[in-house]
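First the structure, in the form of C-alpha cells, and then the observations on it.
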Amino acid sequence: KLEILEFPDPRLRTVAKPVEQVDDALRKLIDDMIETMYDASGIGLAATQVNVHQRLLVIDVSETRDEPLVFINPEITPLTEDLAPYEEGCLSVPGFYEEVQRPAKVRINALDRNGEPFEIVTDGILATCIQHEIDHLDGKLFVDYVSRLKRDRIKKKLQKIHRQNAG
Ligand SMILES: O=C(O)C[C@@H](Cc1ccccc1)[C@H](O)SCc1ccccc1
Ligand SMILES: [Zn+2]
C-alpha cells in the first residue's frame, strides 16, 4: 500500500506533469494505487495523493468494487452548464464532507493502462469523481470550494490530529 498525503500537506498543491511513457513501471504504480484505493475504501485516487506528481488517476464506482478505471493524461470537457451538487469527501481530508457543485455531464479523453487513447461521456457519481480527481492533479482540493472560514477550521482540526499522531 502507498501512503496518502493529508491536508494541509503542501505537496497536495503540486501541479502534476503529463505521463511521458506508459510502461511496466507505470503499470506497477497503477496497481499499487488501485490496491491503496480499495484499502482506504475510496472510489477514486489521484497520483498526487500518494506523492507521485504525474497526471494519472484510478476510479472504481462499481458496487462490486472490481471494475477499476485508469485515466492517464486525462482531459475534461464540460458538456452542460448545469451543475450537480454532491456531498464530497476526500481520502486526503479524512472525516470531513462538504457539498460541492460541479458540471453535471462531462467528456473525458485519456490513455488507458496500455497507453491506448479512449473517450467517455458521463454524468452522475463518475462525472463528480473524475472532476474531483483531476482537481487533485491540478493541486486543488474540494475544501477550496468552501468558505475560507470553513477551510481554516478543517485545517486546524487536521493539524491537531497530526500533532497528536506525531507524539
Ligand atoms: O479523491 C479521493 O480522495 C477519493 C474520493 C473520491 C470522491 C470524491 C468526491 C465524491 C465522490 C468520490 C472519496 O473520498 S472516496 C470516499 C467516498 C466514497 C463514496 C462516496 C463519497 C466519498
Ligand atoms: Zn480527494
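Identifiers for the C-alpha cells are assigned positionally: chains receive A, B, ... in sequence, residues are indexed from 1 per chain, and ligands are indexed from 1 in the order shown.
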
Taking only C-alpha atoms and all ligand atoms into account, which residues have an atom no farther than 8 Å from ligand 1? I'd like them as a PDB file with C-alpha atoms, in the first residue's frame.
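Everything below was put into out28.pdb:
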ATOM      1  CA  MET A  37      -7.822   2.979  -3.078  1.00  0.00           C
ATOM      2  CA  SER A  41     -12.474   2.446   0.960  1.00  0.00           C
ATOM      3  CA  GLY A  42     -12.183   5.199  -1.632  1.00  0.00           C
ATOM      4  CA  ILE A  43     -13.901   5.300  -5.044  1.00  0.00           C
ATOM      5  CA  GLY A  44     -11.099   7.350  -6.577  1.00  0.00           C
ATOM      6  CA  LEU A  45      -7.404   8.108  -6.057  1.00  0.00           C
ATOM      7  CA  ALA A  46      -5.094  10.556  -7.858  1.00  0.00           C
ATOM      8  CA  GLN A  49      -2.382  11.947  -3.191  1.00  0.00           C
ATOM      9  CA  ILE A  59     -11.527   5.154 -10.053  1.00  0.00           C
ATOM     10  CA  VAL A  61     -17.571   3.384  -8.702  1.00  0.00           C
ATOM     11  CA  TYR A  86     -22.630  16.237  -4.247  1.00  0.00           C
ATOM     12  CA  GLU A  87     -21.598  15.809  -0.576  1.00  0.00           C
ATOM     13  CA  GLU A  88     -17.914  15.213  -1.299  1.00  0.00           C
ATOM     14  CA  GLY A  89     -15.319  13.570   0.880  1.00  0.00           C
ATOM     15  CA  CYS A  90     -11.617  13.029   0.253  1.00  0.00           C
ATOM     16  CA  LEU A  91      -9.087  10.455   1.419  1.00  0.00           C
ATOM     17  CA  SER A  92      -6.702  13.378   1.911  1.00  0.00           C
ATOM     18  CA  VAL A  93      -9.203  15.264   4.131  1.00  0.00           C
ATOM     19  CA  PRO A  94     -10.422  12.380   6.314  1.00  0.00           C
ATOM     20  CA  ILE A 125     -21.109   9.981  -9.466  1.00  0.00           C
ATOM     21  CA  LEU A 126     -18.500   9.071 -12.121  1.00  0.00           C
ATOM     22  CA  THR A 128     -18.249  14.044  -9.963  1.00  0.00           C
ATOM     23  CA  CYS A 129     -15.422  11.689  -9.031  1.00  0.00           C
ATOM     24  CA  HIS A 132     -12.583  15.635  -8.051  1.00  0.00           C
ATOM     25  CA  GLU A 133      -9.555  13.526  -9.086  1.00  0.00           C
ATOM     26  CA  HIS A 136      -6.014  16.726  -7.335  1.00  0.00           C
ATOM     27  CA  PHE A 142     -12.668  20.080  -2.504  1.00  0.00           C
TER      28      PHE A 142
END

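All residues of region 11-93 of chain A that DSSP, run on the backbone, classes as strand (DSSP E or B) are Lys17, Gly44, Leu45, Ala46, Gln54, Leu56, Leu57, Val58, Ile59, Leu69, Val70, Phe71, Ile72, Asn73, Pro74, Glu75, Ile76, Thr77, Pro78, Leu83, Ala84, Pro85, Tyr86, Glu87 and Glu88 of chain A.
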
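Between ligand 2 and the residues A:Lys140, A:Lys155, A:Lys17, A:Arg163, the shortest atom-to-atom distance, using only C-alpha atoms and all ligand atoms, involves A:Lys140.
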
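Remark: for Arg113 (chain A), the closest of the candidate residues A:Leu57, A:Leu149, A:Ala47, A:Val100 is A:Leu57 (distances computed over only C-alpha atoms).
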
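Close contacts of Arg102 (chain A), defined as residues with an atom at most 8 Å away when counting only C-alpha atoms, with chain neighbours fewer than 4 positions off set aside, comprise Leu83, Ala84, Pro85, Thr128 and Gln131 of chain A.
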
Hey, can you spit out that residue selection with N, CA and C atoms as an mmCIF file, in the first residue's frame?
data_model
loop_
_atom_site.group_PDB
_atom_site.id
_atom_site.type_symbol
_atom_site.label_atom_id
_atom_site.label_comp_id
_atom_site.auth_asym_id
_atom_site.auth_seq_id
_atom_site.Cartn_x
_atom_site.Cartn_y
_atom_site.Cartn_z
ATOM 1 N N LEU A 83 -25.152 22.418 -13.148
ATOM 2 C CA LEU A 83 -24.260 21.957 -12.085
ATOM 3 C C LEU A 83 -24.988 20.913 -11.262
ATOM 4 N N ALA A 84 -24.263 19.906 -10.802
ATOM 5 C CA ALA A 84 -24.840 18.866 -9.938
ATOM 6 C C ALA A 84 -24.146 18.940 -8.580
ATOM 7 N N PRO A 85 -24.950 18.989 -7.478
ATOM 8 C CA PRO A 85 -24.355 19.027 -6.135
ATOM 9 C C PRO A 85 -23.999 17.623 -5.658
ATOM 10 N N THR A 128 -18.692 13.335 -11.173
ATOM 11 C CA THR A 128 -18.249 14.044 -9.963
ATOM 12 C C THR A 128 -16.854 13.591 -9.550
ATOM 13 N N GLN A 131 -13.950 14.636 -11.888
ATOM 14 C CA GLN A 131 -13.612 16.056 -11.721
ATOM 15 C C GLN A 131 -12.860 16.290 -10.407
#

**Item:** alpha helix (DSSP H) positions in chain A, given as JSON, numbers by chain
**Value:** {"A": [24, 25, 26, 27, 28, 29, 30, 31, 32, 33, 34, 35, 36, 37, 38, 39, 124, 125, 126, 127, 128, 129, 130, 131, 132, 133, 134, 135, 136, 137, 148, 149, 150, 151, 152, 153, 154, 155, 156, 157, 158, 159, 160, 161, 162, 163, 164, 165, 166]}

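Interatomic distance, CA of Asp31 (chain A) to CA of Thr77 (chain A): 26.9 Å.
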
Just the residues within 10 Å of Glu20 (chain A), please, counting only C-alpha atoms, with nothing from its chain fewer than 6 positions along; format it as a PDB file with N, CA and C atoms, in the first residue's frame.
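The resulting file, selection_29.pdb, is shown below:
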ATOM      1  N   GLN A  54       2.487  12.912 -11.337  1.00  0.00           N
ATOM      2  CA  GLN A  54       2.224  12.617 -12.754  1.00  0.00           C
ATOM      3  C   GLN A  54       0.711  12.572 -12.966  1.00  0.00           C
ATOM      4  N   ARG A  55       0.257  12.891 -14.185  1.00  0.00           N
ATOM      5  CA  ARG A  55      -1.183  13.009 -14.445  1.00  0.00           C
ATOM      6  C   ARG A  55      -1.810  11.626 -14.673  1.00  0.00           C
ATOM      7  N   ILE A  72      -5.011   8.152 -17.771  1.00  0.00           N
ATOM      8  CA  ILE A  72      -3.662   8.727 -17.893  1.00  0.00           C
ATOM      9  C   ILE A  72      -3.738   9.966 -18.773  1.00  0.00           C
ATOM     10  N   ASN A  73      -3.139  11.066 -18.308  1.00  0.00           N
ATOM     11  CA  ASN A  73      -3.206  12.366 -19.013  1.00  0.00           C
ATOM     12  C   ASN A  73      -4.635  12.710 -19.389  1.00  0.00           C
TER      13      ASN A  73
END

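With distances restricted to only C-alpha atoms, A:Ile130 is the closest residue to Leu69 (chain A) from A:Val143, A:Leu12, A:Ala104, A:Ile130.
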
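Look at Thr122 (chain A): the protein and nucleic acid residues within 6 Å of it, using only C-alpha atoms and passing over chain neighbours fewer than 5 places away, are Lys105, Val106 and Ala127 of chain A.
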
**For CA of Asp82 (chain A) and CA of Gly124 (chain A), the interatomic separation in Å (one decimal)** = 12.1 Å

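The shortest atom-to-atom distance to Met33 (chain A), with only C-alpha atoms taken into account, belongs to A:Leu2 out of A:Leu2, A:Pro68, A:Arg11, A:Arg107.
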
**Request:** Find the residues around Arg13 (chain A) up to 10 Å (only C-alpha atoms counted), leave out those fewer than 2 positions away in its own chain, and share them as a ChimeraX atom specification.
**Result:** /A:7-11,15-16,48-49,135-141
